[in-house]
file entry-v9.cif (mmCIF, C-alpha atoms and all ligand atoms)
data_run
loop_
_atom_site.label_atom_id
_atom_site.label_comp_id
_atom_site.auth_asym_id
_atom_site.auth_seq_id
_atom_site.Cartn_x
_atom_site.Cartn_y
_atom_site.Cartn_z
CA MET A 1 -30.10 18.19 50.29
CA THR A 2 -29.11 18.25 46.64
CA LYS A 3 -25.45 17.84 45.85
CA THR A 4 -23.94 20.64 43.81
CA LYS A 5 -21.17 19.80 41.38
CA LYS A 6 -17.90 21.50 42.22
CA ILE A 7 -16.79 23.68 39.32
CA VAL A 8 -13.04 23.73 39.00
CA ASN A 9 -11.38 26.44 37.01
CA GLU A 10 -8.50 24.49 35.52
CA PRO A 11 -5.86 26.71 33.94
CA ALA A 12 -5.37 25.96 30.24
CA ASP A 13 -1.79 24.72 30.63
CA GLU A 14 -2.91 22.24 33.35
CA ILE A 15 -5.52 20.88 30.98
CA ILE A 16 -2.92 20.52 28.26
CA LYS A 17 -0.54 18.77 30.69
CA SER A 18 -3.19 16.31 31.84
CA LYS A 19 -4.15 15.59 28.24
CA ALA A 20 -0.53 15.01 27.34
CA LYS A 21 -0.30 12.39 30.11
CA ARG A 22 -3.30 10.49 28.73
CA LYS A 23 -2.22 7.41 26.83
CA VAL A 24 -3.43 6.79 23.31
CA PRO A 25 -3.15 3.40 21.60
CA LYS A 26 0.22 3.08 19.88
CA PRO A 27 0.06 2.43 16.13
CA GLU A 28 2.06 -0.79 16.39
CA ALA A 29 1.03 -2.02 19.82
CA ASN A 30 -2.12 -3.71 20.99
CA ASP A 31 -2.31 -1.86 24.28
CA ASP A 32 -5.37 -3.55 25.65
CA ALA A 33 -4.58 -2.39 29.18
CA GLU A 34 -5.86 1.04 28.09
CA ILE A 35 -9.23 0.27 26.63
CA LYS A 36 -11.14 -2.65 28.07
CA LEU A 37 -12.74 -4.19 25.04
CA PRO A 38 -13.68 -7.81 24.27
CA LYS A 39 -10.93 -10.03 22.89
CA THR A 40 -13.26 -11.94 20.62
CA VAL A 41 -14.31 -11.06 17.07
CA ASP A 42 -17.64 -9.23 17.10
CA PRO A 43 -20.27 -11.40 15.32
CA ARG A 44 -21.35 -8.26 13.40
CA ASN A 45 -17.86 -7.85 11.95
CA ALA A 46 -18.21 -8.72 8.25
CA LEU A 47 -14.97 -6.95 7.27
CA ASN A 48 -12.14 -8.89 8.90
CA ASP A 49 -11.15 -11.38 11.60
CA LEU A 50 -9.82 -8.78 14.05
CA THR A 51 -10.85 -8.24 17.64
CA SER A 52 -11.58 -4.68 18.71
CA THR A 53 -8.12 -4.27 20.25
CA GLU A 54 -6.47 -5.46 17.05
CA TRP A 55 -8.78 -3.26 14.94
CA LEU A 56 -8.33 0.10 16.66
CA PRO A 57 -4.57 0.71 16.23
CA GLU A 58 -4.91 0.07 12.49
CA THR A 59 -7.26 3.06 12.20
CA ILE A 60 -4.56 5.48 13.37
CA SER A 61 -3.70 7.58 10.35
CA VAL A 62 0.10 7.30 10.60
CA TRP A 63 1.98 4.00 10.31
CA ASN A 64 5.71 3.37 10.46
CA GLN A 65 6.89 1.46 7.44
CA ARG A 66 8.32 -1.89 8.49
CA GLY A 67 10.79 -3.58 6.20
CA LEU A 68 13.01 -6.59 6.79
CA GLY A 69 16.21 -4.55 6.38
CA ALA A 70 18.45 -4.72 3.27
CA ASN A 71 20.66 -7.51 4.66
CA HIS A 72 17.89 -9.91 5.63
CA PRO A 73 18.09 -13.15 3.57
CA ASP A 74 14.41 -12.72 2.58
CA ALA A 75 15.08 -9.22 1.23
CA GLN A 76 17.45 -10.37 -1.54
CA ILE A 77 14.83 -11.10 -4.23
CA GLU A 78 12.81 -7.98 -3.40
CA ARG A 79 16.00 -5.89 -3.87
CA GLN A 80 16.14 -6.82 -7.52
CA HIS A 81 13.02 -4.71 -8.16
CA PRO A 82 13.52 -0.91 -8.24
CA ALA A 83 10.40 -0.08 -6.18
CA PRO A 84 8.96 -2.90 -4.07
CA PHE A 85 6.76 -2.26 -1.04
CA SER A 86 7.14 -4.07 2.23
CA PHE A 87 5.03 -7.23 2.45
CA THR A 88 4.57 -6.61 6.19
CA ASP A 89 2.72 -3.34 5.48
CA VAL A 90 0.55 -5.10 2.90
CA SER A 91 -0.14 -7.87 5.41
CA ARG A 92 -1.66 -5.28 7.75
CA LEU A 93 -3.95 -4.11 4.96
CA VAL A 94 -4.88 -7.64 3.94
CA ARG A 95 -5.69 -8.53 7.57
CA PHE A 96 -7.78 -5.38 8.02
CA PHE A 97 -9.75 -5.40 4.77
CA THR A 98 -10.38 -9.15 4.30
CA LYS A 99 -11.22 -12.30 6.17
CA LYS A 100 -9.27 -15.57 5.87
CA GLY A 101 -9.88 -17.33 2.55
CA GLU A 102 -10.96 -14.16 0.72
CA THR A 103 -9.52 -12.96 -2.61
CA VAL A 104 -7.13 -10.05 -3.17
CA LEU A 105 -5.94 -8.54 -6.49
CA ASP A 106 -2.72 -6.62 -7.13
CA PRO A 107 -2.78 -5.42 -10.77
CA PHE A 108 0.83 -4.11 -10.60
CA ALA A 109 2.35 -7.03 -8.73
CA GLY A 110 6.08 -6.39 -9.20
CA VAL A 111 8.00 -9.10 -7.33
CA GLY A 112 4.89 -10.30 -5.55
CA SER A 113 4.90 -8.62 -2.13
CA THR A 114 1.08 -8.74 -2.06
CA LEU A 115 1.02 -12.42 -3.00
CA LYS A 116 3.58 -13.22 -0.31
CA ALA A 117 1.40 -11.39 2.24
CA CYS A 118 -1.67 -13.30 1.00
CA ALA A 119 0.11 -16.66 1.27
CA ILE A 120 1.21 -15.91 4.84
CA GLU A 121 -2.20 -14.55 5.86
CA GLY A 122 -4.25 -17.38 4.33
CA ARG A 123 -5.82 -15.33 1.52
CA LYS A 124 -5.99 -16.06 -2.20
CA GLY A 125 -3.89 -13.54 -4.14
CA ILE A 126 -4.07 -12.69 -7.83
CA GLY A 127 -1.25 -10.65 -9.36
CA PHE A 128 -0.75 -9.09 -12.79
CA GLU A 129 2.72 -7.99 -13.91
CA LEU A 130 4.00 -6.85 -17.30
CA ASN A 131 7.66 -7.78 -16.86
CA PRO A 132 8.20 -11.58 -17.10
CA LYS A 133 11.42 -11.27 -15.10
CA TYR A 134 9.46 -10.01 -12.06
CA VAL A 135 6.85 -12.76 -12.48
CA ALA A 136 9.63 -15.37 -12.36
CA LEU A 137 11.08 -13.67 -9.26
CA THR A 138 7.62 -13.69 -7.63
CA LYS A 139 7.35 -17.46 -8.10
CA LYS A 140 10.85 -17.97 -6.70
CA ARG A 141 10.07 -15.65 -3.79
CA LEU A 142 6.90 -17.51 -2.85
CA ALA A 143 8.73 -20.83 -2.96
CA LEU A 144 11.67 -19.60 -0.85
CA GLU A 145 10.11 -17.11 1.57
CA VAL A 146 6.69 -18.47 2.54
CA PRO A 147 6.88 -20.86 5.47
CA GLY A 148 4.38 -23.69 6.10
CA GLU A 149 1.99 -25.58 3.86
CA PRO A 150 2.62 -25.60 0.06
CA SER A 151 -1.17 -25.15 -0.39
CA ALA A 152 -0.77 -21.51 0.77
CA ILE A 153 1.52 -20.91 -2.23
CA GLU A 154 -0.68 -22.88 -4.61
CA LYS A 155 -3.53 -20.46 -3.88
CA GLN A 156 -1.48 -17.57 -5.30
CA ASP A 157 -1.93 -16.84 -9.00
CA VAL A 158 0.47 -14.54 -10.84
CA LYS A 159 -0.10 -13.74 -14.51
CA VAL A 160 2.30 -12.05 -16.90
CA GLY A 161 0.78 -9.40 -19.16
CA ASP A 162 -0.70 -5.95 -19.51
CA ALA A 163 -3.11 -5.11 -16.67
CA ARG A 164 -5.29 -3.26 -19.24
CA LEU A 165 -6.18 -6.62 -20.82
CA LEU A 166 -5.97 -8.91 -17.79
CA ILE A 167 -8.57 -6.94 -15.77
CA LYS A 168 -11.12 -7.72 -18.50
CA LYS A 169 -10.87 -11.42 -17.69
CA LEU A 170 -11.81 -10.98 -14.02
CA ASP A 171 -15.24 -12.24 -12.97
CA GLU A 172 -17.67 -9.62 -11.68
CA ASN A 173 -18.00 -9.50 -7.88
CA SER A 174 -15.10 -11.92 -7.42
CA LEU A 175 -12.70 -9.74 -5.39
CA ASP A 176 -12.71 -8.76 -1.71
CA LEU A 177 -9.81 -6.28 -1.89
CA ILE A 178 -7.63 -4.59 -4.47
CA VAL A 179 -4.30 -3.42 -3.09
CA THR A 180 -1.49 -2.10 -5.23
CA SER A 181 1.40 0.25 -5.66
CA PRO A 182 1.38 1.39 -9.29
CA PRO A 183 4.25 3.07 -11.14
CA TYR A 184 4.59 6.69 -10.00
CA TRP A 185 4.42 8.06 -13.55
CA ASN A 186 7.95 8.04 -15.06
CA ILE A 187 9.81 9.21 -11.95
CA LEU A 188 12.23 6.28 -12.06
CA HIS A 189 13.58 7.82 -15.29
CA LYS A 190 14.10 11.14 -13.52
CA VAL A 191 15.49 10.21 -10.08
CA ASP A 192 19.16 10.84 -10.30
CA HIS A 193 21.07 10.61 -7.08
CA LYS A 194 23.50 8.44 -5.19
CA ALA A 195 21.01 5.67 -4.43
CA LYS A 196 20.35 5.18 -8.17
CA GLN A 197 24.08 5.25 -8.89
CA GLU A 198 24.59 2.47 -6.33
CA ARG A 199 21.97 0.30 -8.05
CA VAL A 200 23.71 0.84 -11.41
CA GLU A 201 27.03 -0.22 -9.85
CA GLN A 202 25.41 -3.40 -8.45
CA ASP A 203 23.78 -4.16 -11.81
CA LEU A 204 20.27 -3.84 -10.32
CA ASP A 205 17.28 -2.52 -12.32
CA THR A 206 16.67 1.22 -12.11
CA LYS A 207 13.41 1.14 -14.13
CA TYR A 208 10.73 -1.49 -14.73
CA SER A 209 11.16 -2.00 -18.49
CA ASP A 210 11.43 -0.36 -21.90
CA ASP A 211 8.00 -1.72 -22.84
CA LYS A 212 5.62 0.86 -24.34
CA ARG A 213 2.74 -0.69 -22.35
CA ASP A 214 4.59 0.01 -19.06
CA LEU A 215 2.79 2.86 -17.24
CA GLY A 216 6.19 3.98 -15.99
CA ASN A 217 7.10 4.93 -19.56
CA ILE A 218 4.19 7.31 -20.32
CA GLU A 219 5.51 10.74 -21.19
CA LYS A 220 2.75 13.11 -20.04
CA TYR A 221 1.46 13.07 -16.46
CA ASP A 222 -2.19 13.65 -17.46
CA ASP A 223 -2.11 10.72 -19.90
CA PHE A 224 -0.52 8.52 -17.23
CA LEU A 225 -3.16 9.48 -14.65
CA GLU A 226 -6.03 8.77 -17.04
CA GLU A 227 -4.57 5.41 -18.02
CA LEU A 228 -3.95 4.38 -14.41
CA ALA A 229 -7.47 5.38 -13.35
CA LYS A 230 -8.89 3.40 -16.28
CA ILE A 231 -7.05 0.25 -15.13
CA LEU A 232 -7.91 0.61 -11.43
CA GLY A 233 -11.48 1.74 -12.18
CA GLY A 234 -11.88 -1.16 -14.62
CA ALA A 235 -10.54 -3.64 -12.04
CA SER A 236 -13.04 -2.33 -9.50
CA LYS A 237 -15.86 -3.84 -11.61
CA ALA A 238 -14.70 -7.16 -10.20
CA LEU A 239 -14.76 -5.83 -6.63
CA LYS A 240 -17.76 -6.88 -4.54
CA PRO A 241 -20.05 -4.05 -3.36
CA LYS A 242 -18.74 -2.16 -0.28
CA LYS A 243 -15.28 -3.77 -0.59
CA HIS A 244 -12.10 -1.69 -0.61
CA MET A 245 -9.26 -0.62 -2.84
CA VAL A 246 -6.00 0.62 -1.30
CA VAL A 247 -3.58 2.45 -3.59
CA ILE A 248 -0.10 2.99 -2.17
CA VAL A 249 1.55 6.04 -3.69
CA SER A 250 3.94 8.84 -2.97
CA ASP A 251 3.86 12.46 -4.07
CA PHE A 252 6.86 13.54 -6.09
CA ARG A 253 8.62 16.45 -7.74
CA ASP A 254 8.60 17.15 -11.44
CA LYS A 255 11.53 19.55 -11.71
CA SER A 256 10.64 22.22 -9.13
CA ARG A 257 6.86 21.51 -9.25
CA PHE A 258 5.45 19.35 -6.43
CA VAL A 259 2.87 16.84 -7.70
CA MET A 260 0.15 15.67 -5.28
CA PHE A 261 -0.20 12.28 -6.92
CA HIS A 262 -2.18 10.85 -3.99
CA ALA A 263 -4.84 13.54 -4.34
CA ASP A 264 -4.92 13.31 -8.14
CA ILE A 265 -5.46 9.54 -8.17
CA ALA A 266 -8.12 9.72 -5.43
CA ASN A 267 -10.02 12.33 -7.46
CA ALA A 268 -9.62 10.40 -10.72
CA LEU A 269 -10.99 7.22 -9.09
CA SER A 270 -14.07 8.98 -7.70
CA LYS A 271 -15.47 8.78 -11.28
CA TYR A 272 -15.44 4.98 -10.99
CA GLN A 273 -17.70 4.81 -7.91
CA LEU A 274 -14.69 4.46 -5.64
CA GLU A 275 -15.27 6.80 -2.71
CA LEU A 276 -12.38 8.05 -0.57
CA ARG A 277 -12.66 6.75 3.00
CA GLY A 278 -9.32 7.88 4.42
CA ILE A 279 -5.62 8.37 3.90
CA THR A 280 -2.92 6.79 6.06
CA VAL A 281 0.59 8.21 6.02
CA LEU A 282 3.28 5.56 5.86
CA TYR A 283 6.38 7.04 7.45
CA GLN A 284 9.59 5.73 5.83
CA ARG A 285 12.00 6.25 8.69
CA HIS A 286 14.78 4.25 7.05
CA LYS A 287 15.25 6.54 4.03
CA ARG A 288 18.46 8.45 3.53
CA ILE A 289 18.48 12.24 3.60
CA PHE A 290 19.95 13.99 0.55
CA PRO A 291 21.01 17.66 0.52
CA TYR A 292 18.65 18.62 -2.31
CA GLY A 293 18.53 22.37 -2.77
CA TYR A 294 20.99 23.15 0.00
CA PRO A 295 22.04 25.98 0.47
CA TYR A 296 19.85 27.70 -2.11
CA ALA A 297 16.26 26.52 -1.96
CA TYR A 298 13.72 24.45 -0.05
CA VAL A 299 13.48 21.00 -1.63
CA PRO A 300 11.82 18.30 0.50
CA ASN A 301 13.18 14.83 1.25
CA ILE A 302 9.92 12.91 0.77
CA HIS A 303 9.99 10.27 3.47
CA HIS A 304 6.42 9.03 3.41
CA GLN A 305 3.91 7.30 1.21
CA TYR A 306 0.12 7.40 1.33
CA LEU A 307 -2.30 4.53 1.66
CA VAL A 308 -5.26 5.93 -0.27
CA ILE A 309 -8.25 3.96 1.03
CA LEU A 310 -11.32 3.85 -1.19
CA GLN A 311 -14.59 1.94 -0.97
CA ASN A 312 -16.61 0.55 -3.85
CA VAL A 313 -20.00 2.25 -3.61
CA LYS A 314 -21.57 0.67 -6.68
CA LYS A 315 -24.77 -1.31 -6.07
CA SER A 316 -24.47 -5.04 -6.80
C1 LIG A 401 5.68 0.06 -8.02
S1 LIG A 401 5.89 -1.41 -8.90
C2 LIG A 401 5.06 -2.59 -7.91
C3 LIG A 401 5.94 -3.23 -6.89
C4 LIG A 401 5.24 -4.27 -6.02
N1 LIG A 401 4.34 -3.65 -5.10
C5 LIG A 401 6.25 -5.08 -5.24
O1 LIG A 401 6.33 -5.00 -4.02
O2 LIG A 401 7.04 -5.78 -5.89
C6 LIG A 401 4.86 -1.25 -10.29
C7 LIG A 401 4.89 -2.45 -11.24
O3 LIG A 401 3.93 -2.24 -12.29
C8 LIG A 401 4.40 -2.93 -13.43
N2 LIG A 401 3.65 -2.43 -14.61
C9 LIG A 401 3.81 -1.27 -15.28
N3 LIG A 401 2.91 -1.17 -16.30
C10 LIG A 401 2.15 -2.29 -16.24
C11 LIG A 401 1.06 -2.77 -17.02
N4 LIG A 401 0.57 -2.08 -18.05
N5 LIG A 401 0.50 -3.96 -16.68
C12 LIG A 401 0.99 -4.70 -15.63
N6 LIG A 401 2.05 -4.30 -14.88
C13 LIG A 401 2.61 -3.10 -15.16
C14 LIG A 401 5.89 -2.64 -13.45
O4 LIG A 401 6.62 -3.57 -14.21
C15 LIG A 401 6.22 -2.66 -11.93
O5 LIG A 401 6.77 -3.92 -11.57
#
call {"tool": "encode", "arguments": {"input": "entry-v9.cif", "output": "structure tokens"}}
result
Amino acid sequence: MTKTKKIVNEPADEIIKSKAKRKVPKPEANDDAEIKLPKTVDPRNALNDLTSTEWLPETISVWNQRGLGANHPDAQIERQHPAPFSFTDVSRLVRFFTKKGETVLDPFAGVGSTLKACAIEGRKGIGFELNPKYVALTKKRLALEVPGEPSAIEKQDVKVGDARLLIKKLDENSLDLIVTSPPYWNILHKVDHKAKQERVEQDLDTKYSDDKRDLGNIEKYDDFLEELAKILGGASKALKPKKHMVVIVSDFRDKSRFVMFHADIANALSKYQLELRGITVLYQRHKRIFPYGYPYAYVPNIHHQYLVILQNVKKS
């Protein structure tokens, strides 16, 4: 006798309920009770040193930004820069897109969050930064905030200067990852709210510099975008084939117009054989809410950034 499969007519809301109960891997947890996968690194994995259970949560397209908190002793140097990113978020990217010992470039290094992440994760970091003050703070930060062997710090190389010129000195096929957060056009000149006022009162920088070469001082958005794409596209000549570039940006408002900077830069970089592979939203839960527009108009509080993930598709 052949067995017939029982057909159950599940009502739609039951299906939805049962789906809702199903667990999915949490972005920040390695929930290996859920998916039984090997705990060793797959020998075919040429990208990173992660096991499958470490790999999968990183592919979820929303991450919570993780900072140290403003009062942490290791957050005091970083605070002196008007727009640092969290080295813990960069560490996740460095761990995902490189193996130990590989080389990472940040062409807009600021106070060295990428280099700190590289030192902690056993990678070799190269940083370019226009403002000598931030280069000095990077060196101080590495010395004070990186635990362990001094050799981890010695592998980090920060150069002061214009990224336009410094990228020309990079050797071809010498980089395994480019990760950076560039200036967001000249928005630091425009932002005018309580948070900026507080920085003024504490004598902290509210813009990167007055230098004409600073991308944060370019007047027209289209000129800025072209210049930024030229630098990142130029740097990608030093990226090995199939390796990645991650650009961390936020959209912003220019008066009442909303500018999709993340989309504009992804499109601009497609001309440099950098193909878009994905976009991760970095949720900035800690940010304060301001009553922009209230009670007259909709004006968003932008509480996320984008990790724009591109792959170098040039042949060797
Ligand atoms: C968003 S910040 C980077 C912050 C960095 N991710 C950190 O955590 O400290 C952008 C940096 O680009 C630098 N910059 C602007 N124009 C530059 C140029 N032409 N060459 C090199 N650096 C430049 C600015 O001085 C600023 O520190």
call {"tool": "closest_residue", "arguments": {"input": "entry-v9.cif", "among": "A:Ser236, A:Thr138, A:Asn312, A:Asn186", "to": "A:Arg253", "atoms": "only C-alpha atoms"}}
result
A:Asn186
call {"tool": "residues_near_ligand", "arguments": {"input": "entry-v9.cif", "ligand": "ligand LIG 401 (chain A)", "cutoff": "6 Å", "atoms": "only C-alpha atoms and all ligand atoms", "output": "PDB file with C-alpha atoms, in the frame of the given file"}}
result
ATOM      1  CA  ALA A  83      10.400  -0.080  -6.180  1.00  0.00           C
ATOM      2  CA  PRO A  84       8.960  -2.900  -4.070  1.00  0.00           C
ATOM      3  CA  PHE A  85       6.760  -2.260  -1.040  1.00  0.00           C
ATOM      4  CA  PHE A 108       0.830  -4.110 -10.600  1.00  0.00           C
ATOM      5  CA  ALA A 109       2.350  -7.030  -8.730  1.00  0.00           C
ATOM      6  CA  GLY A 110       6.080  -6.390  -9.200  1.00  0.00           C
ATOM      7  CA  VAL A 111       8.000  -9.100  -7.330  1.00  0.00           C
ATOM      8  CA  GLY A 112       4.890 -10.300  -5.550  1.00  0.00           C
ATOM      9  CA  SER A 113       4.900  -8.620  -2.130  1.00  0.00           C
ATOM     10  CA  PHE A 128      -0.750  -9.090 -12.790  1.00  0.00           C
ATOM     11  CA  GLU A 129       2.720  -7.990 -13.910  1.00  0.00           C
ATOM     12  CA  LEU A 130       4.000  -6.850 -17.300  1.00  0.00           C
ATOM     13  CA  ASN A 131       7.660  -7.780 -16.860  1.00  0.00           C
ATOM     14  CA  GLY A 161       0.780  -9.400 -19.160  1.00  0.00           C
ATOM     15  CA  ASP A 162      -0.700  -5.950 -19.510  1.00  0.00           C
ATOM     16  CA  ALA A 163      -3.110  -5.110 -16.670  1.00  0.00           C
ATOM     17  CA  SER A 181       1.400   0.250  -5.660  1.00  0.00           C
ATOM     18  CA  PRO A 182       1.380   1.390  -9.290  1.00  0.00           C
ATOM     19  CA  PRO A 183       4.250   3.070 -11.140  1.00  0.00           C
ATOM     20  CA  TYR A 208      10.730  -1.490 -14.730  1.00  0.00           C
ATOM     21  CA  ARG A 213       2.740  -0.690 -22.350  1.00  0.00           C
ATOM     22  CA  ASP A 214       4.590   0.010 -19.060  1.00  0.00           C
ATOM     23  CA  LEU A 215       2.790   2.860 -17.240  1.00  0.00           C
ATOM     24  CA  GLY A 216       6.190   3.980 -15.990  1.00  0.00           C
TER      25      GLY A 216
END
call {"tool": "closest_residue", "arguments": {"input": "entry-v9.cif", "among": "A:Leu37, A:Ala143, A:Val313, A:Leu56", "to": "A:Pro241", "atoms": "all atoms listed in the file"}}
result
A:Val313
call {"tool": "residues_near_point", "arguments": {"input": "entry-v9.cif", "point": "(-14.1, -10.1, -8.6)", "cutoff": "10 Å", "atoms": "all atoms listed in the file", "output": "ChimeraX atom specification"}}
result
/A:103-105,167,169-178,235-241
call {"tool": "closest_residue", "arguments": {"input": "entry-v9.cif", "among": "A:His262, A:Lys220, A:Lys315, A:Arg277", "to": "A:Trp185", "atoms": "all atoms listed in the file"}}
result
A:Lys220
call {"tool": "residues_around", "arguments": {"input": "entry-v9.cif", "residues": "A:Lys190", "least_positions_apart": "2", "cutoff": "12 Å", "atoms": "all atoms listed in the file", "output": "MDAnalysis selection string"}}
result
chainID A and resid 184:188 192:193 196 206:207 216:217 219 252:255
call {"tool": "write_last_selection", "arguments": {"input": "entry-v9.cif", "atoms": "C-alpha atoms", "output": "short mmCIF file (atom, residue, chain, number, x, y, z; two decimals), in the coordinates of the input"}}
result
data_model
loop_
_atom_site.label_atom_id
_atom_site.label_comp_id
_atom_site.auth_asym_id
_atom_site.auth_seq_id
_atom_site.Cartn_x
_atom_site.Cartn_y
_atom_site.Cartn_z
CA TYR A 184 4.59 6.69 -10.00
CA TRP A 185 4.42 8.06 -13.55
CA ASN A 186 7.95 8.04 -15.06
CA ILE A 187 9.81 9.21 -11.95
CA LEU A 188 12.23 6.28 -12.06
CA ASP A 192 19.16 10.84 -10.30
CA HIS A 193 21.07 10.61 -7.08
CA LYS A 196 20.35 5.18 -8.17
CA THR A 206 16.67 1.22 -12.11
CA LYS A 207 13.41 1.14 -14.13
CA GLY A 216 6.19 3.98 -15.99
CA ASN A 217 7.10 4.93 -19.56
CA GLU A 219 5.51 10.74 -21.19
CA PHE A 252 6.86 13.54 -6.09
CA ARG A 253 8.62 16.45 -7.74
CA ASP A 254 8.60 17.15 -11.44
CA LYS A 255 11.53 19.55 -11.71
#
call {"tool": "closest_residue", "arguments": {"input": "entry-v9.cif", "among": "A:Ile153, A:Leu204, A:Cys118, A:Leu165", "to": "A:Gln76", "atoms": "all atoms listed in the file"}}
result
A:Leu204
call {"tool": "residues_near_point", "arguments": {"input": "entry-v9.cif", "point": "(-1.0, -15.0, -2.2)", "cutoff": "12 Å", "atoms": "all atoms listed in the file", "output": "PyMOL selection string"}}
result
chain A and resi 87+90-91+94+100-106+109+111-127+138-139+141-143+145-146+150-158
call {"tool": "atom_distance", "arguments": {"input": "entry-v9.cif", "atom1": "atom CA of A:Asp49", "atom2": "atom CA of A:Phe96"}}
result
7.8 Å
call {"tool": "residues_around", "arguments": {"input": "entry-v9.cif", "residues": "A:Phe261", "least_positions_apart": "4", "cutoff": "7 Å", "atoms": "only C-alpha atoms", "output": "list in words"}}
result
Ser250, Asp251 and Ile265 of chain A
call {"tool": "decode", "arguments": {"input": "entry-v9.cif", "residues": "stretch 38-54 of chain A", "atoms": "N, CA and C atoms", "output": "tab-separated table (two decimals), in the first residue's frame"}}
result
chain	number	residue	atom	x	y	z
A	38	PRO	N	29.74	23.14	11.09
A	38	PRO	CA	31.05	22.85	11.68
A	38	PRO	C	31.67	24.09	12.33
A	39	LYS	N	32.45	23.83	13.40
A	39	LYS	CA	33.06	24.96	14.13
A	39	LYS	C	34.48	25.24	13.65
A	40	THR	N	34.86	24.59	12.57
A	40	THR	CA	36.20	24.83	12.05
A	40	THR	C	36.10	25.71	10.80
A	41	VAL	N	37.24	26.30	10.42
A	41	VAL	CA	37.24	27.15	9.22
A	41	VAL	C	37.29	26.24	7.99
A	42	ASP	N	36.37	26.46	7.08
A	42	ASP	CA	36.29	25.65	5.86
A	42	ASP	C	37.59	25.83	5.06
A	43	PRO	N	38.24	24.74	4.64
A	43	PRO	CA	39.50	24.90	3.89
A	43	PRO	C	39.32	25.68	2.58
A	44	ARG	N	38.07	25.78	2.09
A	44	ARG	CA	37.84	26.55	0.85
A	44	ARG	C	37.71	28.05	1.12
A	45	ASN	N	37.66	28.42	2.39
A	45	ASN	CA	37.43	29.82	2.74
A	45	ASN	C	38.70	30.66	2.54
A	46	ALA	N	38.75	31.39	1.42
A	46	ALA	CA	39.92	32.23	1.13
A	46	ALA	C	39.71	33.66	1.59
A	47	LEU	N	38.52	33.95	2.14
A	47	LEU	CA	38.17	35.33	2.47
A	47	LEU	C	38.59	35.74	3.88
A	48	ASN	N	38.33	34.85	4.86
A	48	ASN	CA	38.57	35.25	6.25
A	48	ASN	C	38.92	34.03	7.10
A	49	ASP	N	39.00	34.24	8.42
A	49	ASP	CA	39.33	33.12	9.32
A	49	ASP	C	38.11	32.72	10.14
A	50	LEU	N	36.91	32.95	9.62
A	50	LEU	CA	35.70	32.70	10.40
A	50	LEU	C	35.13	31.31	10.13
A	51	THR	N	34.58	30.73	11.19
A	51	THR	CA	33.83	29.48	11.03
A	51	THR	C	32.45	29.86	10.47
A	52	SER	N	31.71	28.86	10.05
A	52	SER	CA	30.39	29.16	9.46
A	52	SER	C	29.48	29.88	10.46
A	53	THR	N	29.56	29.50	11.74
A	53	THR	CA	28.66	30.12	12.72
A	53	THR	C	29.08	31.55	13.06
A	54	GLU	N	30.37	31.84	12.85
A	54	GLU	CA	30.80	33.24	13.03
A	54	GLU	C	30.47	34.05	11.77
